[in-house]
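Peer 1: Okay, so here is protein_31.cif, and as you'll see once you scroll down, it has mmCIF, C-alpha atoms.
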```
data_target
loop_
_atom_site.label_atom_id
_atom_site.label_comp_id
_atom_site.auth_asym_id
_atom_site.auth_seq_id
_atom_site.Cartn_x
_atom_site.Cartn_y
_atom_site.Cartn_z
CA MET A 1 292.45 239.47 302.41
CA LEU A 2 293.42 238.90 298.77
CA THR A 3 296.24 236.66 297.66
CA THR A 4 297.56 235.25 294.41
CA LEU A 5 297.57 231.48 294.71
CA GLN A 6 300.91 229.95 293.83
CA THR A 7 299.74 227.09 291.67
CA ALA A 8 299.29 226.42 288.00
CA TYR A 9 295.86 227.47 286.74
CA SER A 10 294.12 224.37 285.47
CA ASP A 11 291.11 224.60 283.22
CA THR A 12 288.62 223.06 285.66
CA ARG A 13 284.87 223.41 285.24
CA ALA A 14 282.05 224.35 287.57
CA ALA A 15 280.52 220.92 286.91
CA ASP A 16 283.64 219.27 288.42
CA LEU A 17 282.98 220.66 291.92
CA ALA A 18 282.06 218.17 294.62
CA TRP A 19 280.80 218.68 298.18
CA ALA A 20 281.84 216.80 301.31
CA LEU A 21 281.38 217.04 305.08
CA GLY A 22 283.86 215.70 307.61
CA ARG A 23 287.04 215.62 305.51
CA GLU A 24 290.37 216.04 307.24
CA PRO A 25 292.19 219.30 306.46
CA LEU A 26 293.52 219.23 302.91
CA PRO A 27 296.71 220.99 301.77
CA ALA A 28 295.93 224.71 301.53
CA LEU A 29 297.45 227.47 299.40
CA ALA A 30 296.11 230.22 301.71
CA VAL A 31 294.57 230.15 305.21
CA LEU A 32 292.72 232.70 307.34
CA ASP A 33 292.18 231.88 311.04
CA LEU A 34 289.27 233.69 312.73
CA GLU A 35 287.59 233.79 316.13
CA LEU A 36 283.97 234.97 316.07
CA GLY A 37 282.05 234.98 319.34
CA GLY A 38 283.68 231.83 320.67
CA ALA A 39 283.73 230.00 317.33
CA GLN A 40 287.12 229.13 315.87
CA LEU A 41 287.12 229.11 312.06
CA GLN A 42 289.74 228.37 309.50
CA LEU A 43 289.06 229.45 305.92
CA ARG A 44 291.23 227.44 303.54
CA LEU A 45 291.78 228.05 299.84
CA LEU A 46 292.74 224.85 298.09
CA GLY A 47 294.28 224.43 294.66
CA ALA A 48 290.88 223.09 293.65
CA SER A 49 288.57 225.41 295.67
CA HIS A 50 287.73 225.73 299.42
CA GLN A 51 287.49 224.14 302.83
CA VAL A 52 286.03 225.63 306.04
CA LEU A 53 286.87 224.19 309.45
CA LEU A 54 284.64 225.25 312.36
CA GLU A 55 285.04 224.41 316.04
CA GLU A 56 282.79 225.67 318.81
CA ASP A 57 281.74 224.29 322.22
CA GLY A 58 283.39 220.96 321.49
CA GLY A 59 281.59 220.50 318.17
CA THR A 60 283.32 220.52 314.81
CA CYS A 61 282.32 220.93 311.19
CA SER A 62 284.48 220.50 308.11
CA GLU A 63 283.01 221.52 304.75
CA THR A 64 284.87 220.96 301.50
CA VAL A 65 283.76 222.17 298.08
CA ALA A 66 286.42 221.29 295.54
CA CYS A 67 287.34 219.44 292.38
CA ILE A 68 288.24 216.18 294.08
CA PRO A 69 289.33 213.35 291.79
CA GLY A 70 287.20 210.25 292.38
CA SER A 71 284.62 212.07 294.52
CA SER A 72 281.20 210.46 294.35
CA THR A 73 279.21 213.40 295.77
CA PRO A 74 278.57 216.11 293.16
CA LEU A 75 277.73 219.63 294.25
CA PRO A 76 274.15 219.50 295.59
CA LEU A 77 271.63 222.33 295.24
CA GLY A 78 270.86 222.02 298.95
CA VAL A 79 271.62 219.98 302.06
CA ALA A 80 270.19 220.06 305.59
CA LYS A 81 271.81 217.82 308.20
CA ARG A 82 272.16 217.42 311.92
CA LEU A 83 275.71 217.50 313.20
CA GLY A 84 275.51 216.62 316.88
CA ASP A 85 273.77 219.60 318.52
CA TRP A 86 274.01 221.68 315.34
CA GLU A 87 271.87 222.18 312.28
CA TYR A 88 273.88 222.44 309.06
CA GLU A 89 272.39 224.00 305.92
CA PHE A 90 274.14 224.28 302.56
CA ALA A 91 272.90 225.71 299.28
CA ALA A 92 274.62 226.12 295.91
CA ARG A 93 273.78 227.60 292.55
CA VAL A 94 275.59 228.20 289.28
CA GLU A 95 275.27 231.58 287.57
CA THR A 96 276.09 231.76 283.84
CA LEU A 97 276.98 235.30 282.78
CA SER A 98 277.97 237.10 279.59
CA GLU A 99 281.66 238.01 279.36
CA GLY A 100 281.08 241.66 280.31
CA SER A 101 278.75 240.77 283.19
CA PHE A 102 281.17 238.12 284.42
CA VAL A 103 284.11 240.56 284.55
CA GLY A 104 282.04 243.17 286.41
CA ARG A 105 280.69 240.63 288.90
CA ALA A 106 284.20 239.20 289.48
CA GLN A 107 285.62 242.65 290.23
CA GLU A 108 282.71 243.47 292.55
CA LEU A 109 283.06 240.24 294.53
CA LEU A 110 286.84 240.48 294.86
CA ALA A 111 286.52 244.07 296.15
CA LEU A 112 283.83 243.01 298.68
CA VAL A 113 285.84 240.11 300.09
CA THR A 114 289.25 241.82 299.97
CA ASP A 115 288.02 244.73 302.10
CA HIS A 116 286.14 242.58 304.64
CA PRO A 117 287.93 241.58 307.89
CA HIS A 118 286.41 238.08 307.70
CA GLY A 119 287.06 237.51 304.01
CA LEU A 120 289.65 235.53 302.06
CA ALA A 121 290.06 235.51 298.28
CA GLY A 122 292.64 233.98 296.02
CA THR A 123 293.19 234.58 292.34
CA PHE A 124 294.80 232.00 290.09
CA PRO A 125 297.78 232.92 287.89
CA GLY A 126 296.95 233.01 284.21
CA SER A 127 293.49 234.53 284.50
CA PRO A 128 292.70 237.65 286.57
CA HIS A 129 289.06 236.59 286.90
CA ALA A 130 289.67 232.99 288.01
CA PHE A 131 289.28 233.05 291.78
CA THR A 132 287.84 231.50 294.90
CA ALA A 133 286.48 233.86 297.56
CA MET A 134 285.03 233.26 301.03
CA LEU A 135 283.27 235.49 303.53
CA VAL A 136 282.17 234.45 307.05
CA GLN A 137 279.79 236.09 309.52
CA ARG A 138 278.32 235.41 312.94
CA SER A 139 274.80 236.23 314.11
CA GLU A 140 273.59 235.15 317.55
CA ASP A 141 273.91 231.35 317.69
CA GLN A 142 274.73 230.81 314.01
CA VAL A 143 277.88 230.98 311.94
CA GLY A 144 277.49 231.38 308.22
CA TRP A 145 279.70 231.70 305.19
CA ARG A 146 279.35 232.40 301.51
CA THR A 147 281.74 231.34 298.79
CA TRP A 148 282.24 232.17 295.13
CA HIS A 149 284.14 230.02 292.65
CA ALA A 150 284.80 231.74 289.32
CA TYR A 151 285.28 229.92 286.01
CA PRO A 152 285.90 232.67 283.41
CA GLN A 153 286.45 230.24 280.53
CA GLU A 154 282.79 229.15 280.94
CA GLY A 155 281.42 232.46 282.19
CA GLN A 156 280.20 230.62 285.29
CA LEU A 157 280.18 231.58 288.94
CA VAL A 158 279.39 228.93 291.56
CA VAL A 159 277.85 230.54 294.64
CA THR A 160 277.42 228.68 297.94
CA ARG A 161 275.82 229.62 301.25
CA THR A 162 276.26 227.69 304.50
CA ARG A 163 274.74 228.15 307.97
CA VAL A 164 275.65 226.19 311.07
CA GLY A 165 273.76 226.80 314.29
CA VAL A 166 272.58 225.31 317.54
CA ARG A 167 269.56 223.08 317.07
CA THR A 168 266.48 224.61 318.64
CA PRO A 169 264.56 222.05 320.71
CA VAL A 170 260.96 221.50 319.71
CA VAL A 171 258.59 222.12 322.59
CA ALA A 172 255.53 219.84 322.65
CA PRO A 173 252.19 221.65 323.11
#
```
Would you mind writing the structure in this file as structure tokens?
Peer 2:
Amino acid sequence: MLTTLQTAYSDTRAADLAWALGREPLPALAVLDLELGGAQLQLRLLGASHQVLLEEDGGTCSETVACIPGSSTPLPLGVAKRLGDWEYEFAARVETLSEGSFVGRAQELLALVTDHPHGLAGTFPGSPHAFTAMLVQRSEDQVGWRTWHAYPQEGQLVVTRTRVGVRTPVVAP
């Protein structure tokens, strides 16, 4: 699903993104509710990036990656945490592209997410290549999502990958 976000485009930077777990739902400009194999997900596009809410078997996970004023947790390269009976893994990277490469990559990603039944993308008014896109998938006992945050003024694309799954017990020999 592709939408134009009804908000003023502000000249934020990739370096302004912060990461947080456990935040309450923030005001969203677009929402996609999904059910994947018993997992309830809500993909939320914020004025300042994304939030994913996951609920399954009584467990919950809330991930926020956004430009949050006063946030003390910058975007990490990687995180691995236990959330109750779940393992949570997060990874992020910043790609810096030439103008031509950036435009091509932006168009490719928007087409991928727009045509996917578990995808949500929003473009910001004022720049056709300023967008946030999210894509979720389920495999066995894991739910995963990827996100892309485009900053055309810098030629930067922030790419994140998250996996949440049931913790596998370690069997002693």
Peer 1: Name the residues in contact with Gln142 of chain A at a cut-off of 12 Å, using all atoms listed in the file, excluding same-chain residues fewer than 4 positions from it; report them as a JSON list (two decimals) with C-alpha atoms, in the frame of the given file.
Peer 2:
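Once everything was written out, this is around_3.json:
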```json
[["chain", "number", "residue", "atom", "x", "y", "z"],
["A", 36, "LEU", "CA", 283.97, 234.97, 316.07],
["A", 37, "GLY", "CA", 282.05, 234.98, 319.34],
["A", 38, "GLY", "CA", 283.68, 231.83, 320.67],
["A", 39, "ALA", "CA", 283.73, 230.00, 317.33],
["A", 54, "LEU", "CA", 284.64, 225.25, 312.36],
["A", 56, "GLU", "CA", 282.79, 225.67, 318.81],
["A", 86, "TRP", "CA", 274.01, 221.68, 315.34],
["A", 87, "GLU", "CA", 271.87, 222.18, 312.28],
["A", 88, "TYR", "CA", 273.88, 222.44, 309.06],
["A", 89, "GLU", "CA", 272.39, 224.00, 305.92],
["A", 136, "VAL", "CA", 282.17, 234.45, 307.05],
["A", 137, "GLN", "CA", 279.79, 236.09, 309.52],
["A", 138, "ARG", "CA", 278.32, 235.41, 312.94],
["A", 162, "THR", "CA", 276.26, 227.69, 304.50],
["A", 163, "ARG", "CA", 274.74, 228.15, 307.97],
["A", 164, "VAL", "CA", 275.65, 226.19, 311.07],
["A", 165, "GLY", "CA", 273.76, 226.80, 314.29],
["A", 166, "VAL", "CA", 272.58, 225.31, 317.54],
["A", 167, "ARG", "CA", 269.56, 223.08, 317.07],
["A", 168, "THR", "CA", 266.48, 224.61, 318.64]]
```
Peer 1: Find the residue from A:Arg93, A:Arg146, A:Lys81, A:Arg23 that sits nearest to Gly119 of chain A; use all atoms listed in the file when measuring.
Peer 2: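 Checking each candidate against Gly119 of chain A, we get A:Arg146 as the closest.
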Peer 1: List the spatial neighbours of segment 152-154 of chain A as number ranges by chain - criterion: any atom at most 7 Å away, all atoms listed in the file, same-chain residues fewer than 2 positions off excluded.
Peer 2: A: 129-130, 150, 156
Peer 1: What is the distance, in Å and to one decimal place, between atom CA of Thr160 of chain A and atom CA of Met134 of chain A?
Peer 2: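 Those two atoms sit 9.4 Å apart.
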Peer 1: I want to know what sits within 6 Å of Ala66 of chain A, based on all atoms listed in the file, with residues of the same chain fewer than 4 positions away left out; could you give that as JSON, numbers by chain?
Peer 2: {"A": [17, 18, 48, 49]}
Peer 1: Given the file shown, enumerate the residues that the PyMOL selection byres ((chain A and resi 52) around 6) captures and present them as number ranges by chain.
Peer 2: A: 42-43, 51, 53, 62-63
Peer 1: In terms of the shortest atom-to-atom distance over all atoms listed in the file, which of A:Leu75, A:Gln40, A:Glu35, A:Gly155 is closest to Gly100 of chain A?
Peer 2: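 Selected residue with least distance to Gly100 of chain A: A:Gly155.
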Peer 1: Which of these, A:Asp16, A:Leu135, A:Leu45, A:Ala92, has the shortest distance to His116 of chain A once you count all atoms listed in the file?
Peer 2: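 Among A:Asp16, A:Leu135, A:Leu45, A:Ala92, it is A:Leu135 that comes nearest to His116 of chain A.
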Peer 1: Tell me, in Å to one decimal, how far atom CA of Trp148 of chain A is from atom CA of Gly22 of chain A.
Peer 2: 20.7 Å
